[in-house]
>>> print(open('start31.pdb').read())   # PDB, C-alpha atoms and all ligand atoms
ATOM      1  CA  MET A   1      -7.599  16.098  -5.126
ATOM      2  CA  GLN A   2     -10.704  15.552  -3.034
ATOM      3  CA  ARG A   3     -11.376  11.908  -2.367
ATOM      4  CA  ARG A   4     -14.864  10.682  -3.132
ATOM      5  CA  CYS A   5     -16.760   7.645  -1.972
ATOM      6  CA  LEU A   6     -16.580   5.085  -4.795
ATOM      7  CA  ASN A   7     -20.036   3.829  -3.881
ATOM      8  CA  CYS A   8     -22.047   7.078  -3.901
ATOM      9  CA  ASP A   9     -19.547   9.760  -5.067
ATOM     10  CA  PHE A  10     -19.985  11.792  -1.876
ATOM     11  CA  PRO A  11     -16.862  13.857  -1.018
ATOM     12  CA  VAL A  12     -15.070  12.380   1.995
ATOM     13  CA  ASN A  13     -12.086  13.328   4.125
ATOM     14  CA  GLU A  14      -8.854  11.356   4.242
ATOM     15  CA  SER A  15      -9.496  10.579   7.891
ATOM     16  CA  ASP A  16     -12.995   9.162   7.320
ATOM     17  CA  LYS A  17     -13.182   5.394   7.708
ATOM     18  CA  VAL A  18     -16.834   5.155   6.745
ATOM     19  CA  CYS A  19     -18.692   7.268   4.163
ATOM     20  CA  PRO A  20     -20.860   9.821   6.024
ATOM     21  CA  LYS A  21     -23.598   9.472   3.412
ATOM     22  CA  CYS A  22     -23.912   5.774   2.525
ATOM     23  CA  ASP A  23     -21.947   4.097   5.381
ATOM     24  CA  SER A  24     -19.737   2.243   2.910
ATOM     25  CA  GLN A  25     -16.387   1.164   4.429
ATOM     26  CA  LEU A  26     -13.917   3.501   2.765
ATOM     27  CA  VAL A  27     -10.905   1.471   3.887
ATOM     28  CA  LEU A  28     -12.120  -1.441   1.744
ATOM     29  CA  GLN A  29     -12.963   0.585  -1.337
ATOM     30  CA  THR A  30     -10.512   0.223  -4.185
ATOM     31  CA  ASP A  31     -10.291   1.158  -7.831
ATOM     32  CA  GLY A  32      -7.962  -1.794  -8.508
ATOM     33  CA  SER A  33      -5.027   0.474  -9.271
ATOM     34  CA  THR A  34      -1.330  -0.209  -8.704
ATOM     35  CA  THR A  35       1.209   2.358  -7.546
ATOM     36  CA  THR A  36       4.930   1.717  -8.004
ATOM     37  CA  LEU A  37       7.549   3.014  -5.576
ATOM     38  CA  ASP A  38      11.305   2.631  -5.847
ATOM     39  CA  ILE A  39      12.970   2.394  -2.439
ATOM     40  CA  ALA A  40      16.269   0.930  -3.615
ATOM     41  CA  HIS A  41      17.910   3.253  -6.101
ATOM     42  CA  GLY A  42      18.189   6.574  -4.304
ATOM     43  CA  ARG A  43      21.195   5.521  -2.178
ATOM     44  CA  GLN A  44      18.871   5.121   0.775
ATOM     45  CA  ARG A  45      20.073   3.634   4.005
ATOM     46  CA  ILE A  46      17.980   0.629   5.022
ATOM     47  CA  ASP A  47      16.231   2.630   7.751
ATOM     48  CA  ASP A  48      15.269   5.304   5.254
ATOM     49  CA  ALA A  49      13.996   2.724   2.774
ATOM     50  CA  MET A  50      11.843   1.076   5.465
ATOM     51  CA  GLU A  51      10.465   4.473   6.452
ATOM     52  CA  GLN A  52       9.540   5.098   2.799
ATOM     53  CA  LEU A  53       7.859   1.705   2.707
ATOM     54  CA  ARG A  54       5.858   2.282   5.906
ATOM     55  CA  SER A  55       4.744   5.769   4.934
ATOM     56  CA  ALA A  56       3.709   4.595   1.439
ATOM     57  CA  VAL A  57       1.604   1.803   2.946
ATOM     58  CA  ALA A  58      -0.022   4.239   5.395
ATOM     59  CA  GLN A  59      -0.660   6.805   2.662
ATOM     60  CA  HIS A  60      -2.195   4.351   0.195
ATOM     61  CA  GLN A  61      -4.421   2.784   2.814
ATOM     62  CA  ARG A  62      -6.217   6.148   2.873
ATOM     63  CA  ASN A  63      -6.863   6.186  -0.881
ATOM     64  CA  PRO A  64      -8.320   3.656  -3.367
ATOM     65  CA  THR A  65      -5.003   2.043  -4.419
ATOM     66  CA  GLN A  66      -5.244  -1.744  -4.282
ATOM     67  CA  PHE A  67      -1.654  -2.799  -5.000
ATOM     68  CA  LEU A  68       1.701  -1.288  -4.140
ATOM     69  CA  ARG A  69       4.601  -2.410  -6.301
ATOM     70  CA  ILE A  70       7.840  -1.804  -4.430
ATOM     71  CA  ILE A  71      11.172  -1.815  -6.266
ATOM     72  CA  VAL A  72      13.597  -3.229  -3.715
ATOM     73  CA  GLY A  73      16.657  -4.079  -5.790
ATOM     74  CA  SER A  74      18.482  -7.277  -5.109
ATOM     75  CA  ASP A  75      19.945  -7.509  -1.627
ATOM     76  CA  ARG A  76      19.793  -5.818   1.755
ATOM     77  CA  ILE A  77      16.803  -3.576   1.168
ATOM     78  CA  ARG A  78      14.838  -6.484  -0.256
ATOM     79  CA  GLN A  79      15.558  -8.615   2.808
ATOM     80  CA  ALA A  80      14.629  -5.792   5.169
ATOM     81  CA  ALA A  81      11.449  -5.140   3.180
ATOM     82  CA  LEU A  82      10.482  -8.831   3.336
ATOM     83  CA  ASN A  83      10.903  -8.772   7.132
ATOM     84  CA  GLU A  84       8.890  -5.575   7.428
ATOM     85  CA  LEU A  85       6.094  -6.886   5.184
ATOM     86  CA  HIS A  86       5.970 -10.169   7.067
ATOM     87  CA  ALA A  87       5.379  -8.180  10.261
ATOM     88  CA  MET A  88       2.735  -6.017   8.570
ATOM     89  CA  GLU A  89       0.940  -9.098   7.268
ATOM     90  CA  SER A  90       1.001 -10.698  10.724
ATOM     91  CA  ARG A  91      -0.552  -7.568  12.227
ATOM     92  CA  GLY A  92      -3.182  -7.388   9.491
ATOM     93  CA  THR A  93      -1.867  -4.036   8.246
ATOM     94  CA  ILE A  94      -1.662  -5.444   4.709
ATOM     95  CA  VAL A  95      -3.616  -8.301   3.128
ATOM     96  CA  GLN A  96      -0.614 -10.113   1.689
ATOM     97  CA  TYR A  97       2.627  -9.644  -0.239
ATOM     98  CA  GLY A  98       4.790 -11.538  -2.677
ATOM     99  CA  TYR A  99       7.320 -11.273  -5.476
ATOM    100  CA  ASP A 100       6.463  -9.607  -8.734
ATOM    101  CA  ASP A 101       6.411 -12.567 -11.172
ATOM    102  CA  ARG A 102       8.129 -10.594 -13.890
ATOM    103  CA  ASN A 103      10.773  -8.899 -11.762
ATOM    104  CA  ARG A 104      12.451 -10.481  -8.740
ATOM    105  CA  GLY A 105      13.706  -7.062  -7.700
ATOM    106  CA  ALA A 106      10.149  -5.959  -7.005
ATOM    107  CA  LEU A 107       7.558  -6.915  -4.404
ATOM    108  CA  ILE A 108       3.801  -6.642  -4.725
ATOM    109  CA  ILE A 109       1.757  -5.655  -1.694
ATOM    110  CA  VAL A 110      -1.997  -6.272  -1.629
ATOM    111  CA  LEU A 111      -3.463  -3.447   0.451
ATOM    112  CA  LYS A 112      -7.167  -4.195   0.046
ATOM    113  CA  ARG A 113      -9.300  -7.140  -0.872
ATOM    114  CA  PRO A 114     -12.697  -5.811  -1.911
ATOM    115  CA  LYS A 115     -15.705  -7.753  -0.720
TER     116      LYS A 115
HETATM  117 ZN    ZN A 201     -20.782   6.750   0.090
END
>>> encode(input="start31.pdb", output="structure tokens")
Amino acid sequence: MQRRCLNCDFPVNESDKVCPKCDSQLVLQTDGSTTTLDIAHGRQRIDDAMEQLRSAVAQHQRNPTQFLRIIVGSDRIRQAALNELHAMESRGTIVQYGYDDRNRGALIIVLKRPK
């Protein structure tokens, strides 16, 4: 599906950082949506799970998703994910992260904080 600028509805490319028509910052635009991804229940090795996590973050930074909800299960993958997200937060790759209040086996990542 073709992405459109949420400010002016102009069609934009995935690689565009700024709308060519209205100069709105596409990387900050969000529709407030949440996408859920399970990285713990496909018998993944930790490395594979972290790769899924990194690629999901990269993918959803190029579309209007605001929150990523990551199902991490209860042990090793969760710990690895917490380490990875701490590093991403330090680098400014993500805005912040935390536990899902209703489910300790899930983490919530805030990808964008609209102005
Ligand atoms: Zn625009």
>>> closest_residue(input="start31.pdb", among="A:Asn83, A:Thr93, A:Ser24, A:Thr35", to="ligand ZN 201 (chain A)", atoms="only C-alpha atoms and all ligand atoms")
A:Ser24
>>> atom_distance(input="start31.pdb", atom1="atom CA of A:Thr34", atom2="atom CA of A:Asn63")
11.5 Å
>>> closest_residue(input="start31.pdb", among="A:Val12, A:Cys19, A:Leu26, A:Ala87", to="A:Gln61", atoms="all atoms listed in the file")
A:Leu26
>>> closest_atom_pairs(input="start31.pdb", of="chain A", to="ligand ZN 201 (chain A)", cutoff="7 Å", atoms="all atoms listed in the file", output="tab-separated table")
residue	atom	partner	partner_atom	distance
A:Cys5	CA	A:ZN201	ZN	4.6
A:Leu6	CA	A:ZN201	ZN	6.7
A:Asn7	CA	A:ZN201	ZN	5.0
A:Cys8	CA	A:ZN201	ZN	4.2
A:Asp9	CA	A:ZN201	ZN	6.1
A:Phe10	CA	A:ZN201	ZN	5.5
A:Cys19	CA	A:ZN201	ZN	4.6
A:Pro20	CA	A:ZN201	ZN	6.7
A:Lys21	CA	A:ZN201	ZN	5.1
A:Cys22	CA	A:ZN201	ZN	4.1
A:Asp23	CA	A:ZN201	ZN	6.0
A:Ser24	CA	A:ZN201	ZN	5.4
>>> write_last_selection(input="start31.pdb", atoms="C-alpha atoms", output="short mmCIF file (atom, residue, chain, number, x, y, z; two decimals), in the coordinates of the input")
data_model
loop_
_atom_site.label_atom_id
_atom_site.label_comp_id
_atom_site.auth_asym_id
_atom_site.auth_seq_id
_atom_site.Cartn_x
_atom_site.Cartn_y
_atom_site.Cartn_z
CA CYS A 5 -16.76 7.64 -1.97
CA LEU A 6 -16.58 5.08 -4.80
CA ASN A 7 -20.04 3.83 -3.88
CA CYS A 8 -22.05 7.08 -3.90
CA ASP A 9 -19.55 9.76 -5.07
CA PHE A 10 -19.98 11.79 -1.88
CA CYS A 19 -18.69 7.27 4.16
CA PRO A 20 -20.86 9.82 6.02
CA LYS A 21 -23.60 9.47 3.41
CA CYS A 22 -23.91 5.77 2.52
CA ASP A 23 -21.95 4.10 5.38
CA SER A 24 -19.74 2.24 2.91
#
>>> atom_distance(input="start31.pdb", atom1="atom CA of A:Asp31", atom2="atom CA of A:Arg69")
15.4 Å
>>> closest_residue(input="start31.pdb", among="A:Met50, A:Ile77, A:Leu28, A:Ile39", to="A:Val95", atoms="all atoms listed in the file")
A:Leu28
>>> resolve_selection(input="start31.pdb", expression="the PyMOL selection byres (((chain A and resi 53) around 10) and not hetatm)", output="list of chain:residue names")
A:Leu37, A:Asp38, A:Ile39, A:Asp47, A:Asp48, A:Ala49, A:Met50, A:Glu51, A:Gln52, A:Arg54, A:Ser55, A:Ala56, A:Val57, A:Ala58, A:Gln59, A:Leu68, A:Ile70, A:Val72, A:Ala81, A:Glu84, A:Leu85
>>> closest_residue(input="start31.pdb", among="A:Lys17, A:Arg113, A:Gln96, A:Gln2", to="A:Leu82", atoms="all atoms listed in the file")
A:Gln96
>>> atom_distance(input="start31.pdb", atom1="atom CA of A:Ser74", atom2="atom CA of A:Met88")
20.9 Å
>>> build_atoms(input="start31.pdb", residues="stretch 5-34 of chain A", atoms="N, CA and C atoms", output="compact mmCIF listing (two decimals), in the frame of the given file")
# COMPACT_ATOMS: atom_id res chain seq x y z
N CYS A 5 -16.29 9.00 -2.21
CA CYS A 5 -16.76 7.64 -1.97
C CYS A 5 -16.99 6.97 -3.32
N LEU A 6 -16.42 5.78 -3.51
CA LEU A 6 -16.58 5.08 -4.80
C LEU A 6 -17.96 4.47 -4.94
N ASN A 7 -18.69 4.40 -3.84
CA ASN A 7 -20.04 3.83 -3.88
C ASN A 7 -21.09 4.87 -4.26
N CYS A 8 -21.00 6.08 -3.68
CA CYS A 8 -22.05 7.08 -3.90
C CYS A 8 -21.51 8.42 -4.39
N ASP A 9 -20.18 8.55 -4.55
CA ASP A 9 -19.55 9.76 -5.07
C ASP A 9 -19.61 10.95 -4.11
N PHE A 10 -19.97 10.71 -2.87
CA PHE A 10 -19.98 11.79 -1.88
C PHE A 10 -18.54 12.17 -1.52
N PRO A 11 -18.23 13.48 -1.41
CA PRO A 11 -16.86 13.86 -1.02
C PRO A 11 -16.57 13.45 0.43
N VAL A 12 -15.42 12.84 0.64
CA VAL A 12 -15.07 12.38 2.00
C VAL A 12 -13.69 12.92 2.37
N ASN A 13 -13.40 12.91 3.64
CA ASN A 13 -12.09 13.33 4.12
C ASN A 13 -11.15 12.13 4.21
N GLU A 14 -9.85 12.43 4.14
CA GLU A 14 -8.85 11.36 4.24
C GLU A 14 -9.00 10.57 5.53
N SER A 15 -9.44 11.24 6.58
CA SER A 15 -9.50 10.58 7.89
C SER A 15 -10.77 9.76 8.08
N ASP A 16 -11.75 9.92 7.18
CA ASP A 16 -13.00 9.16 7.32
C ASP A 16 -12.76 7.68 7.07
N LYS A 17 -13.28 6.84 7.93
CA LYS A 17 -13.18 5.39 7.71
C LYS A 17 -14.45 4.86 7.05
N VAL A 18 -15.54 5.57 7.28
CA VAL A 18 -16.83 5.16 6.74
C VAL A 18 -17.44 6.37 6.03
N CYS A 19 -18.07 6.16 4.89
CA CYS A 19 -18.69 7.27 4.16
C CYS A 19 -19.82 7.86 5.01
N PRO A 20 -19.82 9.20 5.20
CA PRO A 20 -20.86 9.82 6.02
C PRO A 20 -22.25 9.71 5.39
N LYS A 21 -22.30 9.50 4.09
CA LYS A 21 -23.60 9.47 3.41
C LYS A 21 -24.17 8.06 3.30
N CYS A 22 -23.35 7.10 2.82
CA CYS A 22 -23.91 5.77 2.52
C CYS A 22 -23.38 4.68 3.46
N ASP A 23 -22.49 5.05 4.41
CA ASP A 23 -21.95 4.10 5.38
C ASP A 23 -21.06 3.02 4.77
N SER A 24 -20.66 3.20 3.52
CA SER A 24 -19.74 2.24 2.91
C SER A 24 -18.38 2.33 3.61
N GLN A 25 -17.71 1.20 3.78
CA GLN A 25 -16.39 1.16 4.43
C GLN A 25 -15.32 1.67 3.47
N LEU A 26 -14.88 2.89 3.69
CA LEU A 26 -13.92 3.50 2.76
C LEU A 26 -12.59 2.75 2.73
N VAL A 27 -12.20 2.17 3.85
CA VAL A 27 -10.90 1.47 3.89
C VAL A 27 -10.90 0.23 3.00
N LEU A 28 -12.06 -0.26 2.61
CA LEU A 28 -12.12 -1.44 1.74
C LEU A 28 -12.37 -1.08 0.29
N GLN A 29 -12.69 0.19 0.04
CA GLN A 29 -12.96 0.58 -1.34
C GLN A 29 -11.67 0.66 -2.13
N THR A 30 -11.70 0.14 -3.35
CA THR A 30 -10.51 0.22 -4.18
C THR A 30 -10.90 0.34 -5.64
N ASP A 31 -10.07 1.04 -6.39
CA ASP A 31 -10.29 1.16 -7.83
C ASP A 31 -9.44 0.14 -8.59
N GLY A 32 -8.76 -0.76 -7.86
CA GLY A 32 -7.96 -1.79 -8.51
C GLY A 32 -6.62 -1.31 -9.03
N SER A 33 -6.24 -0.10 -8.69
CA SER A 33 -5.03 0.47 -9.27
C SER A 33 -3.76 0.01 -8.55
N THR A 34 -2.64 0.13 -9.24
CA THR A 34 -1.33 -0.21 -8.70
C THR A 34 -0.47 1.04 -8.71
